[in-house]
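Student: Sharing run-v6.txt here; it has compact mmCIF, C-alpha atoms and all ligand atoms.
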```
# COMPACT_ATOMS: atom_id res chain seq x y z
CA MET A 204 126.91 65.39 165.84
CA ARG A 205 125.98 68.37 163.72
CA LEU A 206 123.32 67.74 161.07
CA SER A 207 123.84 69.44 157.75
CA PRO A 208 120.16 69.26 156.63
CA LEU A 209 119.55 72.47 158.61
CA THR A 210 120.81 74.33 155.58
CA ILE A 211 118.62 72.25 153.28
CA ALA A 212 115.64 73.20 155.46
CA ALA A 213 116.25 76.89 154.93
CA GLY A 214 116.42 76.32 151.17
CA ALA A 215 113.24 74.25 151.18
CA LEU A 216 111.28 77.27 152.39
CA ALA A 217 111.83 79.01 149.09
CA VAL A 218 109.96 76.26 147.24
CA LEU A 219 107.14 75.62 149.70
CA PRO A 220 106.27 71.96 149.17
CA THR A 221 102.78 71.55 147.76
CA SER A 222 101.74 68.33 149.40
CA HIS A 223 101.36 66.99 152.91
CA ALA A 224 103.30 69.63 154.81
CA PHE A 225 101.82 72.24 157.11
CA GLY A 226 103.54 75.21 155.46
CA GLY A 227 106.98 76.14 156.68
CA PHE A 228 105.61 79.37 158.07
CA GLY A 229 103.06 77.55 160.28
CA HIS A 230 105.69 75.14 161.59
CA ILE A 231 108.14 77.92 162.41
CA THR A 232 105.43 79.91 164.20
CA ILE A 233 104.46 76.87 166.28
CA ALA A 234 108.12 76.36 167.24
CA TYR A 235 108.57 80.00 168.30
CA LEU A 236 105.32 79.84 170.24
CA ALA A 237 106.53 76.74 172.07
CA SER A 238 109.85 78.40 172.87
CA ASN A 239 107.92 81.25 174.50
CA PHE A 240 106.20 78.85 176.91
CA VAL A 241 108.71 76.14 177.83
CA ALA A 242 110.36 76.01 181.25
CA PRO A 243 113.95 77.33 181.46
CA GLU A 244 115.36 73.81 181.94
CA THR A 245 113.54 72.71 178.75
CA THR A 246 115.14 75.55 176.80
CA ALA A 247 118.55 74.58 178.18
CA TYR A 248 118.05 70.89 177.40
CA PHE A 249 116.94 71.36 173.79
CA GLN A 250 119.46 74.12 173.09
CA GLY A 251 122.12 71.62 174.13
CA LEU A 252 120.65 68.73 172.18
CA LEU A 253 120.10 70.78 169.02
CA ARG A 254 123.39 72.64 169.45
CA ASN A 255 121.87 76.05 169.06
CA ASP A 256 121.92 78.45 171.99
CA THR A 257 119.90 81.19 170.27
CA ALA A 258 116.16 81.92 170.59
CA ASP A 259 115.77 80.13 167.21
CA TYR A 260 116.79 76.68 168.50
CA LEU A 261 113.33 75.14 167.89
CA ALA A 262 112.28 77.32 164.95
CA GLY A 263 115.47 76.39 163.12
CA VAL A 264 114.57 72.67 163.10
CA ALA A 265 110.80 73.02 162.61
CA THR A 266 110.81 72.35 158.86
CA TRP A 267 113.69 69.88 158.78
CA ALA A 268 111.33 66.87 158.55
CA ASP A 269 109.81 68.31 155.36
CA SER A 270 113.19 69.07 153.86
CA VAL A 271 114.35 65.46 154.19
CA ARG A 272 111.16 63.56 153.41
CA TYR A 273 111.89 63.41 149.69
CA SER A 274 115.54 62.46 150.21
CA LYS A 275 116.81 58.93 149.78
CA TYR A 276 117.71 58.52 153.45
CA PHE A 277 114.43 59.71 154.93
CA ARG A 278 111.87 58.78 152.27
CA TRP A 279 110.56 56.06 154.61
CA THR A 280 109.33 58.82 156.96
CA SER A 281 106.94 60.41 154.46
CA ASN A 282 103.81 58.70 155.84
CA PHE A 283 104.63 60.04 159.31
CA HIS A 284 103.33 63.53 158.43
CA PHE A 285 99.62 62.68 158.39
CA ILE A 286 96.88 60.17 159.17
CA ASP A 287 94.43 59.44 156.38
CA ALA A 288 91.06 59.32 158.15
CA LYS A 289 88.74 57.31 155.91
CA ASP A 290 85.62 59.08 157.13
CA ASP A 291 82.95 60.82 155.12
CA PRO A 292 82.99 64.62 155.47
CA PRO A 293 80.84 66.56 156.00
CA ARG A 294 78.45 63.79 157.05
CA ALA A 295 80.88 62.09 159.44
CA CYS A 296 84.32 62.98 160.72
CA ASN A 297 86.33 60.53 162.81
CA VAL A 298 89.78 59.01 163.16
CA ASP A 299 90.28 55.31 163.81
CA LEU A 300 93.89 54.35 164.43
CA GLU A 301 93.44 50.76 163.25
CA ARG A 302 91.63 51.78 160.09
CA ASP A 303 93.53 54.93 159.19
CA CYS A 304 97.18 54.49 160.15
CA LYS A 305 99.24 52.95 157.35
CA ALA A 306 101.19 49.76 158.07
CA ASP A 307 104.49 51.65 158.31
CA GLY A 308 102.99 54.40 160.47
CA CYS A 309 101.26 57.76 160.56
CA VAL A 310 101.55 61.01 162.45
CA VAL A 311 100.04 59.48 165.59
CA THR A 312 102.46 56.54 165.83
CA ALA A 313 105.37 58.74 164.74
CA LEU A 314 104.70 61.23 167.54
CA ALA A 315 104.53 58.36 170.00
CA ASN A 316 107.68 56.75 168.61
CA TYR A 317 109.85 59.88 168.65
CA THR A 318 108.56 60.88 172.08
CA SER A 319 109.57 57.45 173.44
CA ARG A 320 112.92 57.74 171.71
CA LEU A 321 113.59 61.08 173.42
CA LEU A 322 112.85 59.29 176.70
CA ASP A 323 115.05 56.32 175.91
CA ALA A 324 118.32 57.01 177.67
CA SER A 325 120.02 54.12 175.85
CA LEU A 326 119.91 55.93 172.48
CA PRO A 327 122.84 58.11 171.36
CA ALA A 328 122.60 61.93 171.24
CA TYR A 329 122.28 61.85 167.45
CA GLU A 330 119.03 59.82 167.70
CA HIS A 331 117.70 62.19 170.38
CA ASN A 332 118.50 65.11 168.08
CA VAL A 333 116.58 63.53 165.18
CA ALA A 334 113.68 62.59 167.48
CA ALA A 335 113.44 66.19 168.74
CA ARG A 336 113.23 67.49 165.16
CA PHE A 337 110.45 65.03 164.36
CA VAL A 338 108.44 65.79 167.51
CA VAL A 339 108.60 69.56 166.89
CA HIS A 340 107.41 69.03 163.31
CA PHE A 341 104.74 66.39 163.82
CA VAL A 342 102.98 68.25 166.63
CA GLY A 343 102.47 70.93 163.98
CA ASP A 344 101.30 68.52 161.29
CA VAL A 345 98.73 66.77 163.47
CA HIS A 346 97.06 70.16 164.10
CA GLN A 347 96.47 70.89 160.38
CA PRO A 348 92.97 69.46 159.74
CA LEU A 349 93.84 68.15 156.26
CA HIS A 350 96.72 66.14 157.74
CA ASP A 351 93.97 64.20 159.53
CA GLU A 352 91.87 63.42 156.44
CA ASP A 353 91.97 60.94 153.55
CA VAL A 354 89.55 62.60 151.08
CA ALA A 355 91.32 63.42 147.78
CA ARG A 356 94.73 62.75 149.39
CA GLY A 357 94.09 65.21 152.20
CA GLY A 358 92.69 67.76 149.77
CA ASN A 359 95.77 67.66 147.49
CA GLY A 360 93.47 66.45 144.72
CA ILE A 361 90.94 69.27 145.11
CA PRO A 362 91.68 72.27 142.86
CA VAL A 363 90.60 75.64 144.26
CA ARG A 364 91.50 79.30 143.82
CA PHE A 365 92.92 81.69 146.39
CA HIS A 366 92.88 85.33 145.32
CA GLY A 367 92.60 84.04 141.77
CA VAL A 368 95.67 81.80 142.03
CA GLU A 369 95.06 78.14 141.22
CA LEU A 370 96.12 75.97 144.13
CA ASN A 371 94.93 72.81 145.80
CA LEU A 372 92.91 72.77 149.00
CA HIS A 373 95.69 71.14 151.00
CA HIS A 374 98.11 73.91 150.10
CA VAL A 375 95.54 76.55 151.05
CA TRP A 376 95.27 75.02 154.54
CA ASP A 377 99.03 74.44 154.84
CA SER A 378 100.08 77.91 153.79
CA SER A 379 97.75 80.37 152.05
CA ILE A 380 95.35 81.07 154.94
CA ALA A 381 98.15 81.61 157.47
CA GLU A 382 100.10 83.82 155.06
CA LYS A 383 97.04 85.97 154.37
CA LEU A 384 96.34 86.21 158.11
CA VAL A 385 99.65 87.94 158.72
CA GLY A 386 99.31 90.19 155.70
CA GLY A 387 100.70 88.09 152.86
CA VAL A 388 104.29 88.97 153.73
CA ALA A 389 105.35 85.69 155.32
CA ARG A 390 106.89 84.02 152.30
CA ARG A 391 109.75 86.43 151.86
CA GLN A 392 110.89 86.48 155.48
CA PRO A 393 109.24 83.50 157.14
CA TYR A 394 111.34 83.54 160.33
CA ARG A 395 110.79 87.22 161.03
CA HIS A 396 107.04 87.06 160.44
CA ALA A 397 106.67 83.77 162.27
CA ARG A 398 108.36 85.34 165.30
CA LEU A 399 105.92 88.28 165.19
CA TRP A 400 102.89 86.04 164.79
CA ALA A 401 104.09 83.76 167.60
CA ASP A 402 104.55 86.76 169.89
CA SER A 403 101.05 88.03 169.17
CA LEU A 404 99.56 84.56 169.80
CA THR A 405 101.63 84.39 173.00
CA ALA A 406 99.98 87.61 174.16
CA GLU A 407 96.54 86.18 173.33
CA ILE A 408 97.33 83.08 175.40
CA ARG A 409 98.80 85.05 178.33
CA ALA A 410 96.22 87.82 178.59
CA GLY A 411 93.90 87.87 175.57
CA ARG A 412 91.30 85.75 173.81
CA PHE A 413 92.99 82.46 174.68
CA ALA A 414 93.88 83.30 178.29
CA GLY A 415 92.98 81.32 181.39
CA THR A 416 90.69 78.34 181.12
CA THR A 417 90.66 78.45 177.31
CA SER A 418 94.32 77.60 176.83
CA ARG A 419 94.48 75.53 180.03
CA ALA A 420 91.82 73.26 178.54
CA TRP A 421 94.09 72.66 175.53
CA LEU A 422 96.23 70.54 177.86
CA ASP A 423 93.34 68.25 178.84
CA GLY A 424 94.14 64.66 177.98
CA LEU A 425 97.85 65.36 177.53
CA ASP A 426 99.50 62.23 178.93
CA ILE A 427 103.23 61.60 178.63
CA ASP A 428 102.62 57.99 179.71
CA ASP A 429 100.37 57.49 176.69
CA PRO A 430 101.73 59.47 173.74
CA THR A 431 99.60 57.48 171.28
CA ALA A 432 96.34 58.40 173.04
CA THR A 433 97.48 62.02 173.31
CA ALA A 434 98.36 62.30 169.62
CA LEU A 435 95.13 60.54 168.66
CA LEU A 436 93.15 63.09 170.65
CA TRP A 437 94.88 65.90 168.75
CA ALA A 438 94.26 64.15 165.41
CA ARG A 439 90.56 63.71 166.19
CA GLU A 440 90.22 67.34 167.16
CA GLY A 441 91.96 68.44 163.94
CA ASN A 442 89.86 66.06 161.86
CA ALA A 443 86.61 67.44 163.34
CA HIS A 444 87.40 70.78 161.67
CA VAL A 445 87.20 69.03 158.29
CA CYS A 446 83.44 68.57 158.68
CA THR A 447 82.73 71.99 160.17
CA THR A 448 85.08 74.33 158.33
CA VAL A 449 87.28 72.68 155.68
CA LEU A 450 84.57 70.84 153.74
CA PRO A 451 81.27 72.07 155.21
CA GLU A 452 79.46 71.18 151.97
CA GLY A 453 81.59 68.20 151.02
CA PRO A 454 84.55 67.67 148.70
CA GLN A 455 82.62 68.12 145.43
CA ALA A 456 81.04 71.49 146.27
CA ILE A 457 84.38 73.17 146.94
CA ARG A 458 86.11 72.22 143.66
CA GLY A 459 87.13 75.26 141.66
CA GLN A 460 85.81 77.71 144.26
CA GLU A 461 87.50 80.98 145.20
CA LEU A 462 88.46 80.69 148.89
CA GLY A 463 90.61 83.74 149.61
CA THR A 464 88.17 86.58 148.99
CA THR A 465 84.99 84.86 150.18
CA SER A 466 83.30 83.95 153.47
CA TYR A 467 85.23 80.67 153.32
CA TYR A 468 88.37 82.54 154.42
CA ASP A 469 86.50 84.30 157.24
CA ALA A 470 85.53 80.93 158.71
CA ALA A 471 88.89 79.27 158.03
CA ALA A 472 91.26 81.92 159.40
CA PRO A 473 90.14 81.63 163.06
CA VAL A 474 90.51 77.84 162.84
CA ILE A 475 94.07 78.13 161.55
CA GLU A 476 94.86 80.65 164.27
CA LEU A 477 93.37 78.39 166.94
CA GLN A 478 95.18 75.29 165.66
CA VAL A 479 98.54 77.05 165.46
CA ALA A 480 98.07 78.45 168.98
CA ARG A 481 97.07 75.06 170.35
CA ALA A 482 99.97 73.31 168.62
CA GLY A 483 102.57 75.73 170.01
CA TYR A 484 101.16 75.71 173.51
CA ARG A 485 100.88 71.92 173.56
CA LEU A 486 104.35 71.45 172.09
CA ALA A 487 105.75 73.52 174.97
CA ALA A 488 103.92 71.40 177.55
CA TRP A 489 105.00 68.19 175.81
CA LEU A 490 108.67 69.17 175.72
CA ASP A 491 108.44 70.22 179.39
CA LEU A 492 107.07 66.79 180.32
CA ILE A 493 109.84 65.06 178.37
CA VAL A 494 112.55 67.09 180.09
CA ALA A 495 110.93 66.61 183.50
CA ARG A 496 111.18 62.85 182.95
CA ILE A 497 114.79 63.00 181.90
CA LYS A 498 115.70 65.22 184.87
CA ALA A 499 113.82 63.03 187.34
CA ASN A 500 115.88 60.06 186.16
CA GLU A 501 119.12 62.00 186.49
CA THR A 502 118.21 63.07 190.02
CA ARG A 503 117.35 59.50 190.94
CA ARG A 504 120.59 58.24 189.46
CA ALA A 505 122.60 60.93 191.24
CA SER A 506 121.02 60.21 194.60
CA SER A 507 121.35 56.44 194.26
CA SER A 508 124.99 56.73 193.27
CA SER A 509 125.71 59.02 196.21
CA MET A 510 124.00 56.47 198.45
CA GLY A 511 126.22 53.85 196.88
CA ASP A 512 129.21 55.93 197.95
CA LEU A 513 128.23 55.70 201.60
C1 LIG B 601 120.48 78.67 165.35
O1 LIG B 601 119.39 78.50 164.46
C2 LIG B 601 119.16 79.60 163.61
C3 LIG B 601 117.91 79.27 162.79
O2 LIG B 601 118.10 78.11 162.06
C4 LIG B 601 120.39 79.83 162.74
O3 LIG B 601 120.16 80.97 161.91
C5 LIG B 601 121.59 80.07 163.63
O4 LIG B 601 122.75 80.19 162.82
C6 LIG B 601 121.77 78.92 164.59
N1 LIG B 601 122.85 79.23 165.52
C7 LIG B 601 123.77 78.35 165.87
C8 LIG B 601 124.74 78.80 166.89
O5 LIG B 601 123.83 77.24 165.37
C1 LIG B 602 110.71 54.75 165.23
O1 LIG B 602 111.85 55.52 164.86
C2 LIG B 602 112.94 54.77 164.38
C3 LIG B 602 114.11 55.72 164.15
O2 LIG B 602 113.79 56.72 163.23
C4 LIG B 602 112.54 54.00 163.15
O3 LIG B 602 113.60 53.19 162.71
C5 LIG B 602 111.31 53.15 163.43
O4 LIG B 602 110.87 52.55 162.25
C6 LIG B 602 110.21 54.00 164.01
N1 LIG B 602 109.08 53.15 164.39
C7 LIG B 602 107.82 53.51 164.17
C8 LIG B 602 106.79 52.54 164.63
O5 LIG B 602 107.51 54.53 163.59
C1 LIG B 603 115.27 56.29 183.02
O1 LIG B 603 116.07 55.23 183.52
C2 LIG B 603 115.69 53.94 183.02
C3 LIG B 603 116.50 52.88 183.77
O2 LIG B 603 117.88 53.20 183.76
C4 LIG B 603 115.93 53.92 181.50
O3 LIG B 603 115.56 52.70 180.96
C5 LIG B 603 115.11 55.03 180.87
O4 LIG B 603 115.39 55.09 179.47
C6 LIG B 603 115.39 56.38 181.51
N1 LIG B 603 114.47 57.36 181.01
C7 LIG B 603 114.83 58.61 180.83
C8 LIG B 603 113.73 59.53 180.39
O5 LIG B 603 115.95 59.03 180.99
```
Once more with this new file: its structure as structure tokens, please.
Ligand SMILES: *[C@@H]1O[C@H](CO)[C@@H](O)[C@H](O)[C@H]1NC(C)=O
Ligand SMILES: *[C@@H]1O[C@H](CO)[C@@H](O)[C@H](O)[C@H]1NC(C)=O
Ligand SMILES: *[C@@H]1O[C@H](CO)[C@@H](O)[C@H](O)[C@H]1NC(C)=O

Tutor:
Amino acid sequence: MRLSPLTIAAGALAVLPTSHAFGGFGHITIAYLASNFVAPETTAYFQGLLRNDTADYLAGVATWADSVRYSKYFRWTSNFHFIDAKDDPPRACNVDLERDCKADGCVVTALANYTSRLLDASLPAYEHNVAARFVVHFVGDVHQPLHDEDVARGGNGIPVRFHGVELNLHHVWDSSIAEKLVGGVARRQPYRHARLWADSLTAEIRAGRFAGTTSRAWLDGLDIDDPTATALLWAREGNAHVCTTVLPEGPQAIRGQELGTTSYYDAAAPVIELQVARAGYRLAAWLDLIVARIKANETRRASSSSMGDL
């Protein structure tokens, strides 16, 4: 079944949502990055599931979850984009699933749920398609530090300035820092610039700053048998950046500050770059593990049915 919200997603980029959404540009970059690293059978599987045989098959669905979260049919998914860690930055950063996940869910349980649904062969293709869109999106969200923080609604309630423009801190971490990193051109042509950024991060992972043990270590603790523990690990890692880089002097000190032209940006930009790189690389590994499971089942089924033929 073809989902029409793809077109809505493209429109939603023009009015970058201000709250609780790692900017469209970040999500699209993470999706392109993942498509650069997945195994060929993973590409084939998700191109089939998402009915898009172009190189944009993941990028094209990366912002879908944001485009539907304010709609009547998907409003119930809006808490799935974050986990509100009730810690005390910069004194203490930590994520406690019991304490911080809302009753109807959070990004950690949502990642676990939609991963399990992709692995549940009893669900129809439409549900696998929706689950794939959510997994691609939420792996991005969990890597944005302010999606792993409760203070002032994840920084939405903290007014700041970025190159003189009045914004809130959450928006700066969702969008402004990444857009400045690539030269402030991303808004007009997000797909084109996301592709370029993803390719340059791919080169860093293959042979540059993130090569070898650095990026290999990003896969530590990745466990397809325990998606909740895996997502919680990612949330804790993202949340730790809140104490060190997002709010190094606490939520009060940053109110009204200029962040774009100051040393704040110099500290924040490498963290955004690292988190986007990690998210894309991990998403690729995660999708590979999912497809490996599905294929292993198919092989088992094929061999047992051929044995049944004997
Ligand atoms: C694949 O996705 C891209 C990005 O959303 C879109 O522009 C393109 O039309 C899609 N192609 C197909 C065959 O659906
Ligand atoms: C899992 O996903 C399904 C389908 O979207 C949804 O109905 C259900 O509430 C989700 N469960 C959790 C725990 O998020
Ligand atoms: C594997 O097969 C089992 C038993 O038929 C099924 O319950 C499960 O959903 C399948 N998993 C995948 C990933 O296909």

Student: For region 405-408 of chain A, list every protein, DNA or RNA residue within 10 Å, evaluated using all atoms listed in the file, and leave out those in the same chain fewer than 6 positions away; present the list as an mmCIF file with C-alpha atoms, keeping the file's coordinate frame.

Tutor:
```cif
data_model
loop_
_atom_site.group_PDB
_atom_site.id
_atom_site.type_symbol
_atom_site.label_atom_id
_atom_site.label_comp_id
_atom_site.auth_asym_id
_atom_site.auth_seq_id
_atom_site.Cartn_x
_atom_site.Cartn_y
_atom_site.Cartn_z
ATOM 1 C CA TYR A 235 108.570 80.000 168.300
ATOM 2 C CA LEU A 236 105.320 79.840 170.240
ATOM 3 C CA ALA A 237 106.530 76.740 172.070
ATOM 4 C CA ASN A 239 107.920 81.250 174.500
ATOM 5 C CA PHE A 240 106.200 78.850 176.910
ATOM 6 C CA LEU A 399 105.920 88.280 165.190
ATOM 7 C CA ALA A 414 93.880 83.300 178.290
ATOM 8 C CA GLY A 415 92.980 81.320 181.390
ATOM 9 C CA THR A 416 90.690 78.340 181.120
ATOM 10 C CA THR A 417 90.660 78.450 177.310
ATOM 11 C CA SER A 418 94.320 77.600 176.830
ATOM 12 C CA ARG A 419 94.480 75.530 180.030
ATOM 13 C CA ALA A 480 98.070 78.450 168.980
ATOM 14 C CA ARG A 481 97.070 75.060 170.350
ATOM 15 C CA GLY A 483 102.570 75.730 170.010
ATOM 16 C CA TYR A 484 101.160 75.710 173.510
#
```

Student: At a cut-off of 7 Å around ligand LIG 601 (chain B), and using all atoms listed in the file, what residues come up? Please write them as a list in words.

Tutor: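 What falls inside 7 Å of ligand LIG 601 (chain B) is Leu209, Arg254, Asn255, Asp256, Thr257, Asp259, Tyr260, Ala262, Gly263 and Val264 of chain A.
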
Student: Next, write the just-selected residues to a file, as a PDB file, keeping the file's coordinate frame, keeping C-alpha atoms as the atom set.

Tutor:
```pdb
ATOM      1  CA  LEU A 209     119.550  72.470 158.610  1.00  0.00           C
ATOM      2  CA  ARG A 254     123.390  72.640 169.450  1.00  0.00           C
ATOM      3  CA  ASN A 255     121.870  76.050 169.060  1.00  0.00           C
ATOM      4  CA  ASP A 256     121.920  78.450 171.990  1.00  0.00           C
ATOM      5  CA  THR A 257     119.900  81.190 170.270  1.00  0.00           C
ATOM      6  CA  ASP A 259     115.770  80.130 167.210  1.00  0.00           C
ATOM      7  CA  TYR A 260     116.790  76.680 168.500  1.00  0.00           C
ATOM      8  CA  ALA A 262     112.280  77.320 164.950  1.00  0.00           C
ATOM      9  CA  GLY A 263     115.470  76.390 163.120  1.00  0.00           C
ATOM     10  CA  VAL A 264     114.570  72.670 163.100  1.00  0.00           C
TER      11      VAL A 264
END
```

Student: Go ahead and find all residues with at least one atom no further than 10 Å from (91.7, 60.4, 170.7) in the file's coordinates, using all atoms listed in the file; report them as a list of chain:residue names.

Tutor: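 Residues lying no farther than 10 Å from the given point: A:Asn297, A:Val298, A:Asp299, A:Leu300, A:Val311, A:Gly424, A:Thr431, A:Ala432, A:Thr433, A:Ala434, A:Leu435, A:Leu436, A:Trp437, A:Ala438, A:Arg439, A:Glu440.
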
Student: Dump as a tab-separated table the rows for residues of chain A within 8 Å of ligand LIG 603 (chain B): closest atom pair and distance in Å with one decimal, all atoms listed in the file counted, ordered by chain and rising residue number.

Tutor:
```
residue	atom	partner	partner_atom	distance
A:Leu321	CA	B:LIG603	C8	7.1
A:Leu322	CA	B:LIG603	C8	3.8
A:Asp323	CA	B:LIG603	O4	3.8
A:Ala324	CA	B:LIG603	O4	3.9
A:Ser325	CA	B:LIG603	O4	6.0
A:Ile493	CA	B:LIG603	C8	7.1
A:Val494	CA	B:LIG603	C8	7.7
A:Arg496	CA	B:LIG603	C8	4.9
A:Ile497	CA	B:LIG603	C8	3.9
A:Lys498	CA	B:LIG603	O5	7.3
A:Ala499	CA	B:LIG603	C8	7.8
A:Asn500	CA	B:LIG603	C1	4.9
A:Glu501	CA	B:LIG603	O5	7.0
```

Student: Which is closer to ligand LIG 602 (chain B) than all the others in A:Pro243, A:Pro293, A:Gly251, A:Pro327, using all atoms listed in the file?

Tutor: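 Selected residue with least distance to ligand LIG 602 (chain B): A:Pro327.
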
Student: Which residues form the shell of 7 Å around ligand LIG 602 (chain B) when you count only C-alpha atoms and all ligand atoms, given as a PDB file with C-alpha atoms, keeping the file's coordinate frame?

Tutor:
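File out-v6.pdb, as written:
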```
ATOM      1  CA  ASP A 307     104.490  51.650 158.310  1.00  0.00           C
ATOM      2  CA  GLY A 308     102.990  54.400 160.470  1.00  0.00           C
ATOM      3  CA  THR A 312     102.460  56.540 165.830  1.00  0.00           C
ATOM      4  CA  ALA A 313     105.370  58.740 164.740  1.00  0.00           C
ATOM      5  CA  ASN A 316     107.680  56.750 168.610  1.00  0.00           C
ATOM      6  CA  TYR A 317     109.850  59.880 168.650  1.00  0.00           C
TER       7      TYR A 317
END
```

Student: Looking at A:Thr448, A:Asn282, A:Ser274, A:Gln460, which one is nearest to His366 (chain A), with distances taken over only C-alpha atoms?

Tutor: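 Closest to His366 (chain A), using only C-alpha atoms: A:Gln460.
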
Student: Determine the nearest neighbour of Gly463 (chain A) from the options A:Val310, A:Ile380, A:Leu253, A:Leu490, counting only C-alpha atoms.

Tutor: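 Closest to Gly463 (chain A) of all the choices is A:Ile380.
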
Student: Tell me which of A:Ile457, A:Val445, A:Val333, A:Val271 sits closest to Ile361 (chain A), counting all atoms listed in the file.

Tutor: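 Looking at the shortest contact to Ile361 (chain A), the residue is A:Ile457.
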
Student: For Gly453 (chain A), which residue among A:Leu477, A:Val385, A:Val354, A:Ala487 is the nearest when counting only C-alpha atoms?

Tutor: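 With only C-alpha atoms as the atom set, the closest residue is A:Val354.
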
Student: Up to 10 Å from (102.5, 84.1, 148.4) in the file's coordinates: name the residues, counting all atoms listed in the file, as number ranges by chain.

Tutor: A: 219, 368, 378-379, 382-383, 387-391

Student: Would you mind telling me which residue in A:Val474, A:Glu369, A:Phe285, A:Ala381 lies nearest to Ala397 (chain A) when using all atoms listed in the file?

Tutor: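 Of the candidates, the smallest distance to Ala397 (chain A) is held by A:Ala381.
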
Student: Tell me which protein, DNA and RNA residues are within 8 Å of Arg336 (chain A), counting all atoms listed in the file, leaving out same-chain ones fewer than 5 positions away, and put them as a PyMOL selection string.

Tutor: chain A and resi 264-265+267-268

Student: At a cut-off of 7 Å, using all atoms listed in the file, what residues contact Val241 (chain A)? Leave out same-chain residues fewer than 5 positions from it and give the result as a list in words.

Tutor: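 The residues that qualify are Thr246, Ala487, Ala488 and Asp491 of chain A.
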
Student: Keeping only C-alpha atoms, write the selected residues as a short mmCIF file (atom, residue, chain, number, x, y, z; two decimals), in the coordinates of the input.

Tutor:
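After the write, selection04.cif holds the following:
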```
data_model
loop_
_atom_site.label_atom_id
_atom_site.label_comp_id
_atom_site.auth_asym_id
_atom_site.auth_seq_id
_atom_site.Cartn_x
_atom_site.Cartn_y
_atom_site.Cartn_z
CA THR A 246 115.14 75.55 176.80
CA ALA A 487 105.75 73.52 174.97
CA ALA A 488 103.92 71.40 177.55
CA ASP A 491 108.44 70.22 179.39
#
```

Student: What does the distance from CA of Arg302 (chain A) to CA of Ala471 (chain A) come to in Å, to one decimal?

Tutor: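 That distance, rounded to one decimal, is 27.7 Å.
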